[in-house]
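**Q** Dumping the structure here so I can ask a few things about it.
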There are 4 protein chains.
Amino acid sequence: MGKARLEAFSDGVLAIIITIMVLELKVPHGEDLASLQPLVPVFLSYVLSFVYLGIYWNNHHHMLHATRNVTGAILWANLHLLFWLSLVPFVTGWMGENQFAAAPTALYGFVLLMAAIAYWALQQIIIASQGHGSLLKSAIGSDWKGKLSPILYLVAIPAAFWSQWFSGGIYVLVALIWLVPDRRIEIVLSASEDA
Amino acid sequence: MGKARLEAFSDGVLAIIITIMVLELKVPHGEDLASLQPLVPVFLSYVLSFVYLGIYWNNHHHMLHATRNVTGAILWANLHLLFWLSLVPFVTGWMGENQFAAAPTALYGFVLLMAAIAYWALQQIIIASQGHGSLLKSAIGSDWKGKLSPILYLVAIPAAFWSQWFSGGIYVLVALIWLVPDRRIEIVLSASEDA
Amino acid sequence: MGKARLEAFSDGVLAIIITIMVLELKVPHGEDLASLQPLVPVFLSYVLSFVYLGIYWNNHHHMLHATRNVTGAILWANLHLLFWLSLVPFVTGWMGENQFAAAPTALYGFVLLMAAIAYWALQQIIIASQGHGSLLKSAIGSDWKGKLSPILYLVAIPAAFWSQWFSGGIYVLVALIWLVPDRRIEIVLSASEDA
Amino acid sequence: MGKARLEAFSDGVLAIIITIMVLELKVPHGEDLASLQPLVPVFLSYVLSFVYLGIYWNNHHHMLHATRNVTGAILWANLHLLFWLSLVPFVTGWMGENQFAAAPTALYGFVLLMAAIAYWALQQIIIASQGHGSLLKSAIGSDWKGKLSPILYLVAIPAAFWSQWFSGGIYVLVALIWLVPDRRIEIVLSASEDA
């Protein structure tokens with residue numbers, strides 16, 4: 001089975017998820033700029049989720065680039081990832097409309113955590129299907145970002161009940177870690193791994 | 001006529017159906033975890049429908065893989081299948097928002113039944129268009145899952161007015177039957193068919 | 001410029017239009033079958049529009065199949081067609097929620113008329129771009145369906161203020177004319193054209 | 001990395017943006033034509049935004065046509081453009097529902113300005129990645145439209161607080177500038193540039 005249709009379906013779902021999130025930005029009834037003020041947290045959470053979904057689309061793109069054959073297990077692991085990502089608009093809306101209250105901020109982190117686990121599982125299943133000399137395995141290298149992100153989410157989820165700004169800061173930090181191009185950091189880290 | 005655009009259109013519609021279902025998960029007004037409680041049945045019905053649509057996408061993918069030429073009849077039989085699947089978000093929302101009440105649970109089964117019949121009809125039309133030595137016909141084998149599912153739906157629909165948990169259990173069972181990889185069960189069943 | 005991306009974009013827009021129409025089927029608050037009753041006209045108008053959009057997708061598919069090069073004029077004529085089709089969910093919802101009242105039924109016909117004109121204009125632009133021996137021109141033949149449909153819409157629009165059932169019947173009739181496979185009718189008509 | 005999936009994802013997002021805008025055209029409760037009157041400004045802003053998104057899709061199509069390799073920077077510059085375009089349905093709805101009031105009309109221009117800047121940045125990144133003899137650079141020529149549009153938006157944004165019709169007129173003018181085929185104007189302008 002080819003991977004073209006898997007890519008097309010994933011692109012479709014990701015494109016819809018990233019776009020319907022904007023529907024949570026409900027048109028305000030007032031006509032002055034002040035009526036936009038309650039929307040500021042909704043907008044900020046939208047920006048954060050847009051960046052996260054952009055990162056997922058980007059990484060998903062690269063992962064499938066290093067994939068040759070698509071098995072039944074890969075199809076389902078991919079749907080599992082899309083399931084957790086499909087919940088991002090819901091938790092984004094809940095977090096934004098409640099000005100980053102504790103519970104919504106924690107749940108946002110939980111969905112990010114489950115998506116990260118689902119992404120990792122999909123990666124492992126592709127690597128296992130490729131056997132020795134897996135192209136994907138050598139492409140991801142130490143995968144320190146993939147390993148660090150769930151740990152940071154696990155810190156951020158309970159921390160939301162103590163300080164939601166701390167948790168929010170961690171979510172921004174994880175996004176930045178993935179946004180910054182790999183090479184320089186990877187060299188630093190591979191050096192620190194040698195030491 | 002090629003099948004690439006039929007696949008692309010079907011992928012698009014399925015990707016949208018699977019994603020807009022999440023819009024039924026309305027953002028709650030409260031900001032504590034307790035305010036999520038009324039959403040639990042909506043979430044469970046969302047998970048069930050997500051799995052069903054994933055199964056349909058997966059099977060549709062395989063079916064078209066074994067299809068060479070697309071005729072006018074195939075195009076319309078495919079649209080007929082997409083029509084019934086497009087009603088899944090509606091019945092999912094109705095069932096979830098009413099805590100699996102009798103009538104919504106029965107209607108959910110009815111839409112699944114009609115989708116199963118539409119899938120079967122599409123399959124027959126493709127097989128008929130392929131004539132003797134149809135690749136799809138040999139690929140689906142005895143198609144016991146395709147034959148068993150409508151019977152189980154026919155049991156579940158009236159049963160919803162007696163016990164919606166029994167009906168819900170059947171819907172989960174049918175999903176599991178399709179989720180479990182074929183081979184082992186198929187060997188068992190082909191053996192039982194020999195006997 | 002190739003036509004693959006024009007097809008992909010049109011498929012995407014048509015897939016979304018056909019799917020978001022189902023959002024007009026608002027989940028009822030009651031949990032018994034009787035609470036579905038007010039949705040019956042909404043459902044019927046959904047079925048009608050689903051069939052119309054299926055016909056447009058189908059015909060659009062064939063039209064582009066007979067098209068080689070995509071010009072700027074073709075791109076804009078295609079967007080013009082998609083614009084009118086994008087209004088179908090709106091008029092479908094208005095007609096359905098008002099039990100086929102006069103004005104909504106007339107507006108529904110007006111949008112169908114404009115879409116038919118946009119389709120015809122796109123067809124003419126493609127034929128003009130192909131010059132003598134246009135493949136599309138010979139493929140559509142006398143195009144009696146394309147010529148008859150706008151006339152029937154023009155009858156149905158004012159008739160809605162006299163009897164909306166008469167107008168609705170015309171909309172169903174036009175859909176049936178396009179659904180019935182061409183060959184037999186075409187032979188009859190080409191014979192009548194000879195006479 | 002190929003550009004096919006970048007095109008597919010962008011097409012998907014643009015197709016969804018252009019289509020969900022129509023959801024702002026809320027079905028009115030009345031059943032006579034007069035009940036459509038409050039929707040007239042919503043409809044007009046929908047038409048304007050539909051044309052803008054059509055222009056973006058069209059130009060995006062051409063830009064990627066002149067692009068060979070897709071880098072990480074191009075992926076993110078493209079997502080940045082899609083982000084601003086994803087806000088178009090929101091500002092369209094706000095402007096339409098408030099009968100082109102000052103603040104919404106200014107914000108509409110702001111989002112158009114940011115989208116124009118994002119488009120220009122994407123263009124520059126692609127040109128830079130192509131090095132000397134960039135195909136895209138020679139294809140866009142003097143890019144006077146791309147340079148003039150942000151200036152016109154910068155005039156229109158503050159002007160909205162003085163006369164929203166003046167601002168709206170500028171938005172229509174910019175759309176017309178892009179809609180009119182290039183060649184004749186380009187010759188005029190290249191002549192005026194020579195002088």
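Chain labels A, B, ... are given in the sequence in which chains occur in the structure tokens; within each chain residues are numbered consecutively from 1, and ligands are likewise numbered from 1 in the order shown.
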Fewer than 6 positions away in the same chain doesn't count, so skip those; otherwise give me all residues within 10 Å of Leu44 in chain D, counting only C-alpha atoms, as a list in words.

**A**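 The residues satisfying every condition are Phe50, Thr92, Met95, Gly96, Gln99 and Phe100 of chain D.
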
**Q** Convert the current residue selection to file output with C-alpha atoms, as a compact mmCIF listing (two decimals), in the first residue's frame.

**A**
```txt
# COMPACT_ATOMS: atom_id res chain seq x y z
CA PHE D 50 -13.94 35.47 -1.40
CA THR D 92 -15.05 39.55 7.48
CA MET D 95 -17.02 44.00 9.48
CA GLY D 96 -20.17 42.60 7.86
CA GLN D 99 -22.33 47.46 8.64
CA PHE D 100 -18.69 48.40 7.89
```

**Q** Give me, as an NGL selection string, the contact residues of chain A against chain B at a cut-off of 6 Å, counting only C-alpha atoms.

**A** :A and (9 or 12-13 or 94 or 103)

**Q** For the selection you just gave me, I'd like the residues written to a file as a tab-separated table (two decimals), in the first residue's frame, keeping C-alpha atoms.

**A**
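Output file selection_13.tsv is given in full below:
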```
chain	number	residue	atom	x	y	z
A	9	PHE	CA	-5.94	12.23	4.47
A	12	GLY	CA	-6.85	17.13	5.08
A	13	VAL	CA	-7.53	16.47	8.76
A	94	TRP	CA	-11.79	26.14	26.73
A	103	ALA	CA	-8.15	23.20	34.86
```

**Q** Could you give me, as an MDAnalysis selection string, the residues within 12 Å of Gly168 in chain D, counting only C-alpha atoms and dropping anything in the same chain fewer than 2 positions from it?

**A** chainID D and resid 41 44:45 48:49 92 95:96 99:102 104:109 152:153 155:166 170:175

**Q** What does the distance from CA of His60 in chain D to CA of Leu122 in chain C come to in Å, to one decimal?

**A**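 Going from CA of His60 in chain D over to CA of Leu122 in chain C, I get 21.6 Å.
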
**Q** Can you list, as a ChimeraX atom specification, every residue of range 38-180 of chain A that DSSP puts in helix (DSSP H, G or I)?

**A** /A:38-65,72-86,88-97,102-130,135-140,144-159,164-179

**Q** How would the residues just picked look written out with C-alpha atoms as a short mmCIF file (atom, residue, chain, number, x, y, z; two decimals), in the first residue's frame?

**A**
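Done, and the output landed in selection-v1.cif:
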```cif
data_model
loop_
_atom_site.label_atom_id
_atom_site.label_comp_id
_atom_site.auth_asym_id
_atom_site.auth_seq_id
_atom_site.Cartn_x
_atom_site.Cartn_y
_atom_site.Cartn_z
CA PRO A 38 -12.24 39.61 25.87
CA LEU A 39 -10.96 37.86 22.76
CA VAL A 40 -7.28 38.50 23.55
CA PRO A 41 -6.75 35.25 25.54
CA VAL A 42 -8.73 33.31 22.92
CA PHE A 43 -6.50 34.81 20.24
CA LEU A 44 -3.30 34.02 22.16
CA SER A 45 -4.33 30.40 22.69
CA TYR A 46 -5.22 30.24 18.98
CA VAL A 47 -1.73 31.45 18.03
CA LEU A 48 -0.14 28.86 20.35
CA SER A 49 -2.23 26.00 18.95
CA PHE A 50 -1.67 27.16 15.37
CA VAL A 51 2.09 26.95 15.97
CA TYR A 52 1.76 23.51 17.59
CA LEU A 53 -0.31 22.15 14.71
CA GLY A 54 2.16 23.70 12.27
CA ILE A 55 4.98 21.88 14.06
CA TYR A 56 3.03 18.60 13.94
CA TRP A 57 2.27 19.01 10.26
CA ASN A 58 5.92 19.84 9.57
CA ASN A 59 7.26 16.88 11.56
CA HIS A 60 4.62 14.52 10.19
CA HIS A 61 5.68 15.58 6.73
CA HIS A 62 9.33 14.72 7.49
CA MET A 63 8.45 11.45 9.21
CA LEU A 64 6.45 10.15 6.26
CA HIS A 65 9.21 11.34 3.95
CA GLY A 72 -2.26 -1.47 8.89
CA ALA A 73 -0.58 -0.68 12.22
CA ILE A 74 0.83 2.57 10.79
CA LEU A 75 -2.63 3.60 9.50
CA TRP A 76 -4.15 3.14 12.96
CA ALA A 77 -1.25 4.74 14.83
CA ASN A 78 -1.67 7.71 12.48
CA LEU A 79 -5.42 7.90 13.17
CA HIS A 80 -4.62 7.73 16.89
CA LEU A 81 -2.36 10.78 16.52
CA LEU A 82 -5.03 12.62 14.52
CA PHE A 83 -7.59 11.80 17.23
CA TRP A 84 -5.62 13.63 19.93
CA LEU A 85 -4.83 16.53 17.60
CA SER A 86 -8.55 16.79 16.77
CA VAL A 88 -6.80 20.66 20.23
CA PRO A 89 -9.56 23.09 19.03
CA PHE A 90 -11.72 22.07 22.01
CA VAL A 91 -9.02 22.56 24.68
CA THR A 92 -7.80 25.72 22.92
CA GLY A 93 -11.30 27.18 23.10
CA TRP A 94 -11.79 26.14 26.73
CA MET A 95 -8.42 27.58 27.80
CA GLY A 96 -8.90 30.81 25.86
CA GLU A 97 -12.45 31.53 26.97
CA ALA A 102 -6.10 26.19 36.03
CA ALA A 103 -8.15 23.20 34.86
CA PRO A 104 -8.36 24.20 31.16
CA THR A 105 -4.61 24.95 31.12
CA ALA A 106 -3.89 21.53 32.65
CA LEU A 107 -6.20 19.77 30.16
CA TYR A 108 -4.50 21.61 27.30
CA GLY A 109 -1.20 20.12 28.47
CA PHE A 110 -2.81 16.68 28.79
CA VAL A 111 -3.95 16.73 25.16
CA LEU A 112 -0.47 17.90 24.07
CA LEU A 113 1.01 15.06 26.14
CA MET A 114 -1.25 12.44 24.57
CA ALA A 115 -0.49 13.81 21.09
CA ALA A 116 3.25 13.63 21.85
CA ILE A 117 2.87 10.01 23.02
CA ALA A 118 0.80 9.17 19.94
CA TYR A 119 3.46 10.77 17.71
CA TRP A 120 6.19 8.79 19.48
CA ALA A 121 4.19 5.54 19.12
CA LEU A 122 3.66 6.17 15.39
CA GLN A 123 7.40 6.81 15.02
CA GLN A 124 8.27 3.57 16.83
CA ILE A 125 5.85 1.55 14.71
CA ILE A 126 7.31 2.96 11.49
CA ILE A 127 10.87 2.27 12.72
CA ALA A 128 9.91 -1.30 13.74
CA SER A 129 8.35 -1.87 10.30
CA GLN A 130 11.58 -0.74 8.62
CA LEU A 135 15.93 5.34 7.55
CA LEU A 136 13.62 7.08 10.01
CA LYS A 137 15.67 5.91 12.99
CA SER A 138 18.85 7.49 11.67
CA ALA A 139 16.94 10.58 10.55
CA ILE A 140 15.58 11.37 14.02
CA TRP A 144 15.99 14.60 22.35
CA LYS A 145 13.11 16.94 21.53
CA GLY A 146 10.69 14.04 21.32
CA LYS A 147 11.91 12.74 24.68
CA LEU A 148 12.06 16.11 26.44
CA SER A 149 8.61 17.37 25.40
CA PRO A 150 6.49 14.79 27.31
CA ILE A 151 8.59 15.39 30.45
CA LEU A 152 7.94 19.13 30.20
CA TYR A 153 4.21 18.51 29.68
CA LEU A 154 4.19 16.23 32.76
CA VAL A 155 5.66 19.13 34.74
CA ALA A 156 3.26 21.68 33.27
CA ILE A 157 0.00 19.75 33.88
CA PRO A 158 0.06 19.68 37.73
CA ALA A 159 1.83 23.08 37.80
CA GLN A 164 -1.10 28.77 35.04
CA TRP A 165 1.48 31.27 33.73
CA PHE A 166 4.27 28.83 34.56
CA SER A 167 2.44 26.08 32.64
CA GLY A 168 1.69 28.42 29.76
CA GLY A 169 5.37 29.38 29.71
CA ILE A 170 6.33 25.72 29.39
CA TYR A 171 3.95 25.25 26.45
CA VAL A 172 5.54 28.25 24.73
CA LEU A 173 9.01 26.90 25.55
CA VAL A 174 8.26 23.49 24.01
CA ALA A 175 6.94 25.19 20.87
CA LEU A 176 10.12 27.30 20.65
CA ILE A 177 12.31 24.20 21.09
CA TRP A 178 10.66 22.68 18.04
CA LEU A 179 10.62 25.93 16.05
#
```

**Q** Mind pulling up the distance from CA of Lys3 in chain A to CA of Thr71 in chain A?

**A**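 Result for CA of Thr71 in chain A versus CA of Lys3 in chain A: 9.4 Å, one decimal.
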
**Q** So how far away is CA of Ser134 in chain A from CA of Val70 in chain D, in Å?

**A**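 Going from CA of Val70 in chain D over to CA of Ser134 in chain A covers 24.0 Å.
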